[in-house]
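*Asks:* I have a structure here, written as structure tokens, and I will follow up with some questions on it.
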Amino acid sequence: MNQKLIPGVVLAGGMAICALGWLALPSLQTAQATVDQQAGVELERARRILHAYSHGLTYKSLLLERLAEFEVDIDLDNADELLEEFADDYQQIHEARWASYQPYDFDGVDIDPRQARAKYGNLPAQARKGIQARRKLLQANDSGLADALAAVRSALDITAGDTTSRSHAEANRLKGVILAQQAATDRLEAMMLRRQALPLRRELATLGRIAAAFGEGGGEAPGSSGTAVLTERLGATNRMLDGKAAALTEVDRKIDDLESRLTAARGRADAARQAIHELTRRGIDFSRGDGAEAFQAALSAQDRVFRTADAEARALEFGTLPNARIDDSGDYLTGKYMESGSAAGLTVEPGLSHFRHDRAVLAREVELGRAAVDGFHADIERIEGLAEALKAEGQLKRRRASEARARAGEAFTELNRLESEAFSVEDDALALLDQAVRAFSEAAQGATAWINAGSEASQGLGPESRDRSADYMQSQCGWMTGHIKAQQADAQIQKAWILYTRFADQSRTAAALTAHAGPLGLNEADDEAEAAKATEAHDAAVEQVAQAVRLLERSHRDTGRHWTFVAQSAAINELMARLGHPEYTADAIEAYRAALANRAEDDPATRPFKARLEALTSRK
């Protein structure tokens with residue numbers, strides 16, 4: 001061969017080999033690098049979709065759906081009438097926004113941007129156009145998470161030879177983030193349902209109090225029993241009054257009899273006294289031989305008449321003991337009156353003074369009795385005058401109790417429907433969070449394997465080579481595992497918050513049914529079942545908290561106790577306090593303070609934790 005041709009052949013051969021190497025370069029790459037490269041493309045697509053996603057728009061979309069369910073016009077069917085009233089306000093707001101966000105028109109020939117002008121003609125058409133744009137924006141936002149998740153799953157489905165992306169750390173982590181966000185959307189929807197149920201639960205309590213107040217005995221007119229009592233008392237008073245009046249009549253008869261007899265006795269005594277005075281004035285008639293005897297006989301006769309009449313008058317006025325005699329002593333000053341040999345149980349014949357006293361007492365009793373009778377008549381008349389009003393009030397109470405029971409049945413049915421829907425949506429959220437927890441777990445395992453691979457590859461490197469080694473830098477990324485575990489713990493805490501909400505609402509429902517199901521006649525209500533659901537949710541939430549705490553403890557070690565993880569543990573303590581364990585409140589306050597220590601006052605990331613700390617300290 002011509003020696004001069006050898007260099008040319010070598011050069012041509014070298015060029016051919018280089019060309020073949022260039023064409024075969026993809027196949028010469030490692031399978032893992034190929035998988036990582038293709039997965040990175042899908043993950044970047046997912047990140048861009050997530051960057052455009054807005055949780056606020058999701059909330060708005062859910063809210064509009066709820067408003068539509070209540071027949072609220074959210075699409076502005078009657079725009080002309082509405083905008084005729086608010087045209088000036090619309091123009092003012094639109095001008096302010098136009099000044100802040102001036103749009104540009106790029107339709108020029110040389111792509112020369114020209115500032116567009118605000119237009120205010122045909123406002124109804126503009127409003128409808130805006131509504132259509134809003135609807136498209138909401139639809140695109142609603143599908144964003146699904147599109148991002150599809151991209152992540154595509155990233156996880158990549159294979160190259162025997163190598164697969166199933167354990168790709170970032171892909172699994174991003175998958176967990178998307179699933180957790182989808183769960184957050186479901187949780188938001190469930191919260192809306194539970195907020196709709198809140199006034200129904202309050203309404204049940206109000207209706208229960210109404211039914212309890214008006215249900216039993218509320219239908220009878222209170223006046224009927226009151227009138228019966230007064231009528232009974234009136235009858236007893238009349239009977240008593242009749243007896244007192246008869247007794248008063250009898251006493252008056254006795255007083256009249258005694259007064260007439262007393263007048264007669266006093267008349268005889270006065271006549272005898274006058275006769276004695278006249279005899280004494282005339283003296284003895286000495287013209288007669290028996291003048292002294294006659295004078296004595298006449299004087300003795302008048303004295304007997306006087307004493308008999310005076311004794312009778314005193315007996316008639318003050319009374320006497322007709323059957324009593326002085327004891328054997330015969331001493332009228334110190335002796336005792338005896339009747340049948342005993343000083344006890346003497347027969348008393350009352351006198352005029354006694355009957356006059358009795359008459360005064362009886363007269364007062366009759367006067368008071370008549371006043372009482374008049375009062376009873378007045379009260380009965382007043383109550384009977386109110387009978388119709390009381391009857392109408394009783395009918396109103398019966399009607400209100402009946403209406404309360406009827407409305408309670410409707411409210412209870414609606415409450416059950418809303419709680420069942422919320423329960424179902426929460427179950428979907430819990431299932432998504434379970435998937436997110438598994439995705440984060442796989443991501444943590446993938447990150448650990450990646451870090452270990454770097455550590456193995458950098459074994460035996462010297463200090464200078466190690467500092468320049470990508471493998472060594474890869475081995476020092478243990479913080480990645482810590483953050484992924486923290487995200488896994490956060491997903492479990494989200495599950496615990498959902499279960500706490502369920503626990504709180506079921507507890508309130510059980511309490512409402514225990515207190516008011518009986519008066520409301522809600523026979524199908526089962527407060528024990530509601531309480532059992534609450535207990536089940538409580539126990540499940542506590543278990544999720546325990547798992548999250550174990551994860552956080554490991555992530556703290558990997559990340560050097562980052563302040564956000566301290567705040568996360570404070571939130572866990574707060575949740576435990578809400579689950580009925582108030583002893584965790586002090587731990588939550590201490591953890592929040594520790595997390596916020598040495599943080600800038602104007603750091604926006606600390607605002608929610610400051611708000612929670614203030615709420616806890618104010619409650620304490």
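As shown in the structure tokens, the chain order sets the letters A, B, ...; within each chain, residues go from 1, and ligands are also counted from 1 in the order they appear.
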Give me, as a list in words, all polymer residues having an atom no more than 12 Å from Leu62 in chain A, counting only C-alpha atoms and skipping those fewer than 5 positions away in the same chain.
*Replies:* His55, Gly56, Leu57, Leu67, Ala68, Glu69, Leu138, Gln139, Asn141, Asp142, Thr185, Asp186, Arg187, Leu188, Glu189, Ala190, Met191, Met192 and Leu193 of chain A
*Asks:* Print the selection's residues with N, CA and C atoms to a file, as a PDB file, in the first residue's frame.
*Replies:*
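This is the output file out-v7.pdb:
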ATOM      1  N   HIS A  55     -55.608  27.361  43.944  1.00  0.00           N
ATOM      2  CA  HIS A  55     -56.576  26.786  44.884  1.00  0.00           C
ATOM      3  C   HIS A  55     -57.735  27.755  45.119  1.00  0.00           C
ATOM      4  N   GLY A  56     -57.443  29.042  45.008  1.00  0.00           N
ATOM      5  CA  GLY A  56     -58.504  30.034  45.171  1.00  0.00           C
ATOM      6  C   GLY A  56     -59.567  29.905  44.091  1.00  0.00           C
ATOM      7  N   LEU A  57     -59.132  29.642  42.857  1.00  0.00           N
ATOM      8  CA  LEU A  57     -60.099  29.437  41.773  1.00  0.00           C
ATOM      9  C   LEU A  57     -60.910  28.166  42.011  1.00  0.00           C
ATOM     10  N   LEU A  67     -73.860  27.779  44.924  1.00  0.00           N
ATOM     11  CA  LEU A  67     -74.844  28.839  44.660  1.00  0.00           C
ATOM     12  C   LEU A  67     -75.825  28.402  43.581  1.00  0.00           C
ATOM     13  N   ALA A  68     -75.335  27.710  42.576  1.00  0.00           N
ATOM     14  CA  ALA A  68     -76.218  27.233  41.515  1.00  0.00           C
ATOM     15  C   ALA A  68     -77.231  26.237  42.064  1.00  0.00           C
ATOM     16  N   GLU A  69     -76.800  25.418  43.042  1.00  0.00           N
ATOM     17  CA  GLU A  69     -77.732  24.464  43.648  1.00  0.00           C
ATOM     18  C   GLU A  69     -78.882  25.179  44.354  1.00  0.00           C
ATOM     19  N   LEU A 138     -62.047  28.548  34.986  1.00  0.00           N
ATOM     20  CA  LEU A 138     -62.339  27.611  36.062  1.00  0.00           C
ATOM     21  C   LEU A 138     -62.232  26.171  35.588  1.00  0.00           C
ATOM     22  N   GLN A 139     -62.718  25.911  34.372  1.00  0.00           N
ATOM     23  CA  GLN A 139     -62.620  24.546  33.832  1.00  0.00           C
ATOM     24  C   GLN A 139     -61.169  24.138  33.639  1.00  0.00           C
ATOM     25  N   ASN A 141     -58.620  25.347  35.252  1.00  0.00           N
ATOM     26  CA  ASN A 141     -58.015  25.195  36.579  1.00  0.00           C
ATOM     27  C   ASN A 141     -58.442  23.883  37.227  1.00  0.00           C
ATOM     28  N   ASP A 142     -59.737  23.525  37.064  1.00  0.00           N
ATOM     29  CA  ASP A 142     -60.219  22.274  37.655  1.00  0.00           C
ATOM     30  C   ASP A 142     -59.514  21.057  37.067  1.00  0.00           C
ATOM     31  N   THR A 185     -58.909  19.726  47.953  1.00  0.00           N
ATOM     32  CA  THR A 185     -60.114  20.175  47.232  1.00  0.00           C
ATOM     33  C   THR A 185     -61.350  19.432  47.731  1.00  0.00           C
ATOM     34  N   ASP A 186     -61.208  18.116  47.903  1.00  0.00           N
ATOM     35  CA  ASP A 186     -62.335  17.342  48.439  1.00  0.00           C
ATOM     36  C   ASP A 186     -62.674  17.788  49.862  1.00  0.00           C
ATOM     37  N   ARG A 187     -61.635  18.040  50.644  1.00  0.00           N
ATOM     38  CA  ARG A 187     -61.875  18.488  52.020  1.00  0.00           C
ATOM     39  C   ARG A 187     -62.607  19.828  52.022  1.00  0.00           C
ATOM     40  N   LEU A 188     -62.226  20.701  51.090  1.00  0.00           N
ATOM     41  CA  LEU A 188     -62.906  21.993  50.982  1.00  0.00           C
ATOM     42  C   LEU A 188     -64.374  21.801  50.633  1.00  0.00           C
ATOM     43  N   GLU A 189     -64.649  20.893  49.714  1.00  0.00           N
ATOM     44  CA  GLU A 189     -66.045  20.608  49.347  1.00  0.00           C
ATOM     45  C   GLU A 189     -66.813  20.032  50.539  1.00  0.00           C
ATOM     46  N   ALA A 190     -66.166  19.135  51.292  1.00  0.00           N
ATOM     47  CA  ALA A 190     -66.811  18.552  52.472  1.00  0.00           C
ATOM     48  C   ALA A 190     -67.082  19.625  53.530  1.00  0.00           C
ATOM     49  N   MET A 191     -66.146  20.559  53.677  1.00  0.00           N
ATOM     50  CA  MET A 191     -66.350  21.647  54.644  1.00  0.00           C
ATOM     51  C   MET A 191     -67.542  22.509  54.253  1.00  0.00           C
ATOM     52  N   MET A 192     -67.716  22.750  52.962  1.00  0.00           N
ATOM     53  CA  MET A 192     -68.880  23.514  52.502  1.00  0.00           C
ATOM     54  C   MET A 192     -70.167  22.781  52.854  1.00  0.00           C
ATOM     55  N   LEU A 193     -70.159  21.464  52.652  1.00  0.00           N
ATOM     56  CA  LEU A 193     -71.348  20.671  52.991  1.00  0.00           C
ATOM     57  C   LEU A 193     -71.611  20.728  54.488  1.00  0.00           C
TER      58      LEU A 193
END
*Asks:* Pick the closest to Ala271 in chain A from A:Gln302, A:Gln32, A:Thr163, A:Gln182: which is it, counting only C-alpha atoms?
*Replies:*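 Under the stated criterion, the closest residue is A:Gln302.
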*Asks:* Could you pull out the residues in range 311-419 of chain A that DSSP calls strand (DSSP E or B) from the backbone, as a ChimeraX atom specification?
*Replies:* /A:320,325-326,337-339,342,349
*Asks:* Tell me which protein, DNA and RNA residues are within 12 Å of Glu410 in chain A, counting only C-alpha atoms, leaving out same-chain ones fewer than 2 positions away, and put them as number ranges by chain.
*Replies:* A: 200-201, 203-204, 207, 403-408, 412-417, 520, 522
*Asks:* Could you pull the residues within 12 Å of range 146-162 of chain A, counting only C-alpha atoms, minus those fewer than 3 positions along the same chain, as a ChimeraX atom specification?
*Replies:* /A:26-27,29-53,139-143,165-182,436,439,442-443
*Asks:* Check the smallest atom-to-atom distance from each of A:Glu65, A:Glu464, A:Asp270, A:Glu317 to Pro350 in chain A using only C-alpha atoms, then report the winner.
*Replies:* A:Glu317
*Asks:* For Arg438 in chain A, which residue out of A:Ala272, A:Met473, A:Ala491, A:Leu316 is the nearest one, using only C-alpha atoms?
*Replies:*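 Closest candidate: A:Ala491.
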*Asks:* Between CA of Ala118 in chain A and CA of Glu84 in chain A, measure the distance and give it in Å to one decimal.
*Replies:*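 Rounded to one decimal, the two atoms are 18.6 Å apart.
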*Asks:* With only C-alpha atoms as the basis for distance, which of A:Ser555, A:Thr509, A:Ser465, A:Gln544 is at the shortest distance from His483 in chain A?
*Replies:* A:Ser555
*Asks:* Mind giving me the straight-line distance from CA of Gln492 in chain A to CA of Ser441 in chain A in Å, one decimal?
*Replies:*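 Separating CA of Gln492 in chain A from CA of Ser441 in chain A is a distance of 11.7 Å.
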*Asks:* So that I can check the surroundings of Ile451 in chain A, please list as a PDB file with C-alpha atoms, in the first residue's frame every protein, DNA and RNA residue that reaches within 10 Å of it, counting only C-alpha atoms and ignoring chain neighbours fewer than 6 positions away.
*Replies:*
ATOM      1  CA  GLN A 445     -37.174   5.511  49.934  1.00  0.00           C
ATOM      2  CA  ALA A 457     -19.724   6.136  44.586  1.00  0.00           C
ATOM      3  CA  ASP A 471     -21.406  11.895  44.028  1.00  0.00           C
ATOM      4  CA  TYR A 472     -20.163  13.218  47.350  1.00  0.00           C
ATOM      5  CA  MET A 473     -22.511  16.228  47.149  1.00  0.00           C
ATOM      6  CA  GLN A 474     -25.291  13.738  46.374  1.00  0.00           C
ATOM      7  CA  SER A 475     -24.435  11.775  49.514  1.00  0.00           C
ATOM      8  CA  GLN A 476     -24.863  14.904  51.659  1.00  0.00           C
ATOM      9  CA  CYS A 477     -28.513  15.478  50.674  1.00  0.00           C
ATOM     10  CA  GLY A 478     -30.079  13.764  53.656  1.00  0.00           C
ATOM     11  CA  MET A 480     -34.239  15.840  51.138  1.00  0.00           C
ATOM     12  CA  THR A 481     -35.429  12.708  52.913  1.00  0.00           C
TER      13      THR A 481
END
*Asks:* At what distance in Å, to one decimal, does CA of Asp303 in chain A lie from CA of Gly289 in chain A?
*Replies:*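 CA of Gly289 in chain A sits 23.1 Å away from CA of Asp303 in chain A.
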